[in-house]
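Data block below; observations after.
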Amino acid sequence: MKEEWILVLIVLLMAIYIVLTTSIFVYKQPPAYNNAPAYLLLNNWRNGIIYISTGIQIQNYTINGERGFNTSIQTIFFNGTMLPIKIYADYNESTEEAFLTLNNTVVIRKPGDSFQFIFPPDQNRFLILPMDGSGTFMLSFYGNISYSRHSNYTEIKYENSSIFLSPGSTIEKKSGRLYIFNSTFLEFSYENSSFIPINSLILINSKAVSNWLLSSVNVSLPKDLSDEYHLSLLLLKDDQNPLTGEFAASPEPVYMYSWVRDSSFSAMALQASGHVNSAVKYWRFLAKNDNGTFYTRYNFWNGQPDLSYGIPEYDSLGLFEMGLYNLYEQQDNRSLISQFIPALNRTSIWQENHIYMGLIPEDLSVWEDNLAYNFWTQAFNSIGLKDTAKLYYSLGLDSFPSLNASEEINRSIQKYFFVDDFYIQSLSKAAEYANGSMKTVLIPNKIVDSSAILPIVYGLISPNSTAAVGTVEKINRTLNVKGGLSRFPNDDYHYSSDLYDSSAPSPPWIITTLFLADYYEKINASGSALSLMNFVLAHSNNGLLPEALDPNTLEPLPTTSPLTWSSAMYVLTALDYKY
């Protein structure tokens, strides 16, 4: 009998172990740090990009699929070419903190030394400056290197580039690497062998960045929130490929692609803030890739479609149309907008020809996890078609097909999606058999989803209507997590093998929290909007906005920090704020 109880106990303990070590239920400690990001981008706004690994170590990187490197520039990109060289700074020291400044420099703090990474606009050169005297560097490269000493600098020649160091530097070459000691600066110059004094480059950067920020539309916010607006603008500018016009979804490796949806919000934020040329560069990229629809995401470096990621996302059509109409409204420039009319014709004709039961085809929509007729996609297609009709009417073109399609989709939204006094997440298609015949019916999933807020903000229905107020109140009651909004109930995206960096399901997201802030602005509840913007800033990484926050600690989740869309949404919310 005793042996049987022992056997039962062993089996019970084994069962508990299996449950606790499977992905079904795993309690994970919150991240041990709050000083992400592990990666950042800088570019010269013209033809060059550097991809910086800050030295922040990534937790559970074998599960997350990304690994942090010691402080370094992992990619040097000029004129569409990646140079075969990496530059490490104090490669033996761990990083304590990394952030972006309002002078558009990346600061990386270490126990023994700190560094600034500076990429002055319109310059074919960047700087790495030790902030506490001299620094140690290591160059990993392929090919031949030579160097010579001059009175003001030491020059390393590498292919068609020069690397300038302070004259007292010590250089050692071994095993295909170059070790540099006691240098007070490292200046990398591409296709130009002349040395520019460090102070001159710092001044060039400061003036160019300051002038760019001064050209931004002003916002009516307290200083700390206004500073965040400017920092978010700089991050958008740095995360845009200056050659293709795309935006990286995040500098983090798992997100180093350009999603059409995320990038469209980035372009809308830049043009609304006064930086029209940056936005136009992106809209041209989309127009060039428009075949009626778009691929979900593109290679950030070369603009090619990511064919491995073929899931349909049709929200991009409406967002493209909205973005172009907003551009026309802001600029009132027929010559500028006329170049996009052929692309708008293709998207609107595709939409008009693919409406079934009053709806755009099923897709995976905003969260990419639910193949269905999603409210988000249907709503933004209705809004986009309406904006297309308004644009066509202004230009003297036939606006009726787009307007009719918009109204048809809107009628179906009101008929199918408004269930139990709120707009549900999605509908699924099912077959119903009766009296010997079959017909297709749409089944509501009745899930509360915070993404339903933003189409209301952008005019699907009046934000003061009973349907809008009821939907937002339902979302806030159901999805509020310590002051921020999660996406939908039991969201395990960051609490599974996909990313695995949250201590529990349903983390509050920055963009969804800002959806709510923007809604409050639309109904003149400015105090509530300001409170949410303060919440977002308080839970950032020194102003860098992540994708989501740990639901227990409210620390930024590191695998997707910073998220470019978060910055774009902050800019749009800041522009909408009124006292």
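As shown in the structure tokens, the chain order sets the letters A, B, ...; within each chain, residues go from 1, and ligands are also counted from 1 in the order they appear.
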Nearby residues (only C-alpha atoms) at most 8 Å from region 221-229 of chain A, same-chain spacing under 2 positions excluded, as JSON, numbers by chain: {"A": [102, 219, 231, 232, 233, 533, 534, 537, 543, 570, 571, 574, 577]}
Take the residues from that selection and put them in a file with all heavy atoms, as a short mmCIF file (atom, residue, chain, number, x, y, z; two decimals), in the first residue's frame.
```
data_model
loop_
_atom_site.label_atom_id
_atom_site.label_comp_id
_atom_site.auth_asym_id
_atom_site.auth_seq_id
_atom_site.Cartn_x
_atom_site.Cartn_y
_atom_site.Cartn_z
N LEU A 102 17.63 64.30 -28.23
CA LEU A 102 16.97 65.27 -29.10
C LEU A 102 17.95 65.91 -30.07
O LEU A 102 17.52 66.67 -30.94
CB LEU A 102 16.27 66.34 -28.25
CG LEU A 102 14.94 65.93 -27.64
CD1 LEU A 102 14.44 66.99 -26.67
CD2 LEU A 102 13.90 65.68 -28.72
N VAL A 219 3.09 71.71 -31.28
CA VAL A 219 2.03 71.04 -30.52
C VAL A 219 1.80 71.79 -29.22
O VAL A 219 2.71 72.42 -28.67
CB VAL A 219 2.38 69.56 -30.23
CG1 VAL A 219 2.39 68.75 -31.51
CG2 VAL A 219 3.72 69.43 -29.50
N LEU A 231 11.20 63.80 -30.11
CA LEU A 231 12.01 62.58 -30.12
C LEU A 231 11.37 61.51 -30.99
O LEU A 231 12.06 60.80 -31.73
CB LEU A 231 12.19 62.07 -28.69
CG LEU A 231 13.20 60.93 -28.52
CD1 LEU A 231 14.62 61.44 -28.75
CD2 LEU A 231 13.09 60.30 -27.13
N SER A 232 10.05 61.41 -30.93
CA SER A 232 9.34 60.43 -31.76
C SER A 232 9.51 60.76 -33.24
O SER A 232 9.65 59.86 -34.08
CB SER A 232 7.87 60.37 -31.38
OG SER A 232 7.70 59.85 -30.07
N LEU A 233 9.48 62.04 -33.59
CA LEU A 233 9.72 62.43 -34.98
C LEU A 233 11.12 62.01 -35.43
O LEU A 233 11.29 61.52 -36.56
CB LEU A 233 9.56 63.95 -35.12
CG LEU A 233 8.14 64.49 -35.17
CD1 LEU A 233 8.15 66.01 -35.15
CD2 LEU A 233 7.40 63.98 -36.40
N MET A 533 -1.22 60.09 -22.31
CA MET A 533 0.07 60.43 -22.90
C MET A 533 1.17 60.43 -21.84
O MET A 533 2.30 60.00 -22.10
CB MET A 533 -0.02 61.78 -23.61
CG MET A 533 -0.96 61.76 -24.81
SD MET A 533 -1.18 63.37 -25.57
CE MET A 533 0.36 63.51 -26.45
N ASN A 534 0.84 60.91 -20.66
CA ASN A 534 1.81 60.86 -19.55
C ASN A 534 2.12 59.42 -19.16
O ASN A 534 3.26 59.08 -18.84
CB ASN A 534 1.28 61.64 -18.35
CG ASN A 534 1.53 63.13 -18.46
OD1 ASN A 534 2.64 63.57 -18.76
ND2 ASN A 534 0.49 63.93 -18.24
N LEU A 537 4.60 58.06 -21.74
CA LEU A 537 5.94 58.59 -21.54
C LEU A 537 6.59 57.99 -20.30
O LEU A 537 7.78 57.64 -20.31
CB LEU A 537 5.88 60.11 -21.43
CG LEU A 537 7.22 60.81 -21.16
CD1 LEU A 537 8.24 60.50 -22.25
CD2 LEU A 537 7.03 62.32 -21.03
N GLY A 543 12.11 57.75 -23.29
CA GLY A 543 11.41 58.37 -24.40
C GLY A 543 11.23 57.49 -25.62
O GLY A 543 10.45 57.82 -26.50
N TYR A 570 2.11 58.29 -31.38
CA TYR A 570 2.29 59.39 -30.41
C TYR A 570 2.28 60.73 -31.13
O TYR A 570 1.65 61.70 -30.68
CB TYR A 570 3.59 59.22 -29.63
CG TYR A 570 3.75 60.28 -28.56
CD1 TYR A 570 3.25 60.09 -27.29
CD2 TYR A 570 4.33 61.51 -28.86
CE1 TYR A 570 3.35 61.09 -26.32
CE2 TYR A 570 4.43 62.51 -27.91
CZ TYR A 570 3.93 62.29 -26.64
OH TYR A 570 4.02 63.29 -25.69
N VAL A 571 2.97 60.82 -32.27
CA VAL A 571 3.01 62.07 -33.03
C VAL A 571 1.60 62.48 -33.45
O VAL A 571 1.20 63.64 -33.29
CB VAL A 571 3.93 61.92 -34.26
CG1 VAL A 571 3.75 63.09 -35.23
CG2 VAL A 571 5.39 61.82 -33.82
N ALA A 574 -0.33 63.63 -30.42
CA ALA A 574 0.16 64.93 -29.96
C ALA A 574 -0.37 66.06 -30.84
O ALA A 574 -0.74 67.14 -30.36
CB ALA A 574 1.69 64.94 -29.95
N TYR A 577 -3.97 67.01 -30.01
CA TYR A 577 -4.27 67.50 -28.65
C TYR A 577 -4.55 69.00 -28.66
O TYR A 577 -3.83 69.78 -29.26
CB TYR A 577 -3.12 67.21 -27.70
CG TYR A 577 -3.39 67.69 -26.29
CD1 TYR A 577 -4.19 66.96 -25.44
CD2 TYR A 577 -2.86 68.90 -25.85
CE1 TYR A 577 -4.47 67.41 -24.15
CE2 TYR A 577 -3.13 69.36 -24.57
CZ TYR A 577 -3.93 68.61 -23.73
OH TYR A 577 -4.20 69.07 -22.46
#
```
Which of region 22-245 of chain A fall in strand (DSSP E), as a ChimeraX atom specification: /A:39-43,48-53,72-78,81-83,85-89,97-100,105-109,114-118,125-130,135-141,145-149,154-158,161-165,170-174,177-183,186-190
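Reported to one decimal place, the separation of CA of Leu572 (chain A) from CA of Ser426 (chain A) is 26.1 Å.
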Backbone-only DSSP, helix (DSSP H, G or I) members of region 241-339 of chain A, as a VMD selection string: chain A and resid 253 to 255 260 to 272 276 to 288 315 to 331 334 to 338
Non-local contacts of Ser183 (chain A) (12 Å; only C-alpha atoms; under 4 positions in same chain excluded) as a PyMOL selection string: chain A and resi 89-90+128-138+153-155+163-171+179+187
All residues 10 Å or closer to Ser140 (chain A), only C-alpha atoms, same chain fewer than 3 positions away omitted, as an NGL selection string: :A and (74 or 84-88 or 175-179)
For the residues selected in the previous step, produce a file with C-alpha atoms as a PDB file, in the first residue's frame.
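Okay, this is what ended up in part_32.pdb:
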```pdb
ATOM      1  CA  GLN A  74      26.584  45.778 -37.293  1.00  0.00           C
ATOM      2  CA  PRO A  84      31.715  44.313 -45.302  1.00  0.00           C
ATOM      3  CA  ILE A  85      32.864  45.820 -42.019  1.00  0.00           C
ATOM      4  CA  LYS A  86      31.652  45.944 -38.424  1.00  0.00           C
ATOM      5  CA  ILE A  87      32.889  48.399 -35.803  1.00  0.00           C
ATOM      6  CA  TYR A  88      32.859  47.497 -32.106  1.00  0.00           C
ATOM      7  CA  SER A 175      43.381  37.445 -37.172  1.00  0.00           C
ATOM      8  CA  GLY A 176      41.498  39.633 -39.615  1.00  0.00           C
ATOM      9  CA  ARG A 177      40.644  42.210 -36.963  1.00  0.00           C
ATOM     10  CA  LEU A 178      42.018  45.622 -36.130  1.00  0.00           C
ATOM     11  CA  TYR A 179      42.265  46.616 -32.471  1.00  0.00           C
TER      12      TYR A 179
END
```
Pairwise distance for CA of Ala269 (chain A) and CA of Phe99 (chain A), rounded to one decimal in Å: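 Pair CA of Ala269 (chain A) / CA of Phe99 (chain A) returns 21.6 Å.
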Quick one: everything within 7 Å of Thr573 (chain A), counting only C-alpha atoms, minus sequence neighbours fewer than 4 positions away in the same chain. Send it as an mmCIF file with C-alpha atoms, in the first residue's frame.
```cif
data_model
loop_
_atom_site.group_PDB
_atom_site.id
_atom_site.type_symbol
_atom_site.label_atom_id
_atom_site.label_comp_id
_atom_site.auth_asym_id
_atom_site.auth_seq_id
_atom_site.Cartn_x
_atom_site.Cartn_y
_atom_site.Cartn_z
ATOM 1 C CA LEU A 514 -2.823 56.053 -27.707
ATOM 2 C CA ASP A 518 -6.791 60.179 -29.477
ATOM 3 C CA MET A 569 0.851 57.091 -33.078
ATOM 4 C CA TYR A 577 -4.270 67.498 -28.654
#
```
